[in-house]
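Visitor: Right, I'll just put the structure down here and ask away after.
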Amino acid sequence: MGDPLLVRFLKRTFPNRFLIAKLTKTPILGGLIDHMVFEGDDMMYLPKDQVIQMNKPIENPGEMVVPSQILEHFIEKANYHWIMDWCICRSATKCKDYPIDLGCLFLGEATLKIDPRIGHRAIKQEALEHVRKCRKAGLVHLIGRNKLDAVWLRVEPGNKLLTICNCCPCCCLGECCRILPPISVPRSRECLA
């Protein structure tokens, strides 16, 4: 299951993720955490496709790319797709509000090295259907390259793994991005502050 020791460590420390994120604001410890966990990351939240405010006139926004089109583009371009059978974030916090069985989607050549005990290879159509199910369940996508995923999945960090997390508002690691200090957060996360 990836690196079993790391999976157990992640599940045990996960309930303290907000405290750990706050510790990144301390000079020495923050720099160490930043180096170990975030160095090389380039993650970005993709908002939901559509938000309509009630009792307000709807203006024509013109043409725009919606988040689902961005995901579909990467899924279509990828040669390798891997669906995790469960969400490590919601599993660790025992989420009661969102499905635990809707896990991350990984794209790229590195997926060939992911342990089959945590999920399965998928064809493009199954990967597309997976992100649709996640959106329908109310989950928000976080997409990018994540150092921590490459480590616990035991694949080489770098360009060969793209992570698509499907985050809930109550449990997922992506929520920590909101409290990380700007100095330790790559440019793509600054919009969350």
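To be explicit about the labels: the chains of the structure tokens are called A, B, and onward in the order shown, and within each one the residues are counted from 1, while ligands get numbers from 1 in the order they are shown.
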If you count only C-alpha atoms, which residues fall within 7 Å of region 119-136 of chain A, apart from same-chain ones fewer than 2 positions away, as a PyMOL selection string?
Guide: chain A and resi 72+75-76+81-85+102+116-117+138-140+166
Visitor: Enter the distance from CA of Cys170 (chain A) to CA of Pro27 (chain A), in Å, rounded to one decimal.
Guide: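 Going from CA of Cys170 (chain A) over to CA of Pro27 (chain A) covers 28.2 Å.
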Visitor: Can you work out which one of A:Thr111, A:Thr93, A:Gln69, A:Thr163 has the shortest atom-to-atom distance to Thr13 (chain A), counting only C-alpha atoms?
Guide: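 Smallest distance to Thr13 (chain A) is found for A:Thr93.
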Visitor: Report, in Å to a single decimal, how far apart CA of Pro15 (chain A) and CA of Asp101 (chain A) are.
Guide: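 Spanning CA of Asp101 (chain A) to CA of Pro15 (chain A) is a straight-line distance of 18.9 Å.
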Visitor: Once DSSP has gone over the backbone, tell me which residues of region 120-159 of chain A are in strand (DSSP E), as a list in words.
Guide: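 Of region 120-159 of chain A, only His120, Arg121, Ala122, Val140, His141, Leu142, Ile143, Gly144 and Arg145 of chain A fall in strand (DSSP E).
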Visitor: Distance CA of Phe106 (chain A)-CA of Ser91 (chain A), one decimal place?
Guide: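 Interatomic distance, CA of Phe106 (chain A) to CA of Ser91 (chain A): 18.0 Å.
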Visitor: Need to verify the contact set: Cys165 (chain A), 9 Å, only C-alpha atoms, exclusion of same-chain residues closer than 3 positions in sequence. Can you return it as a PyMOL selection string?
Guide: chain A and resi 87+103-106+140-144+172+174
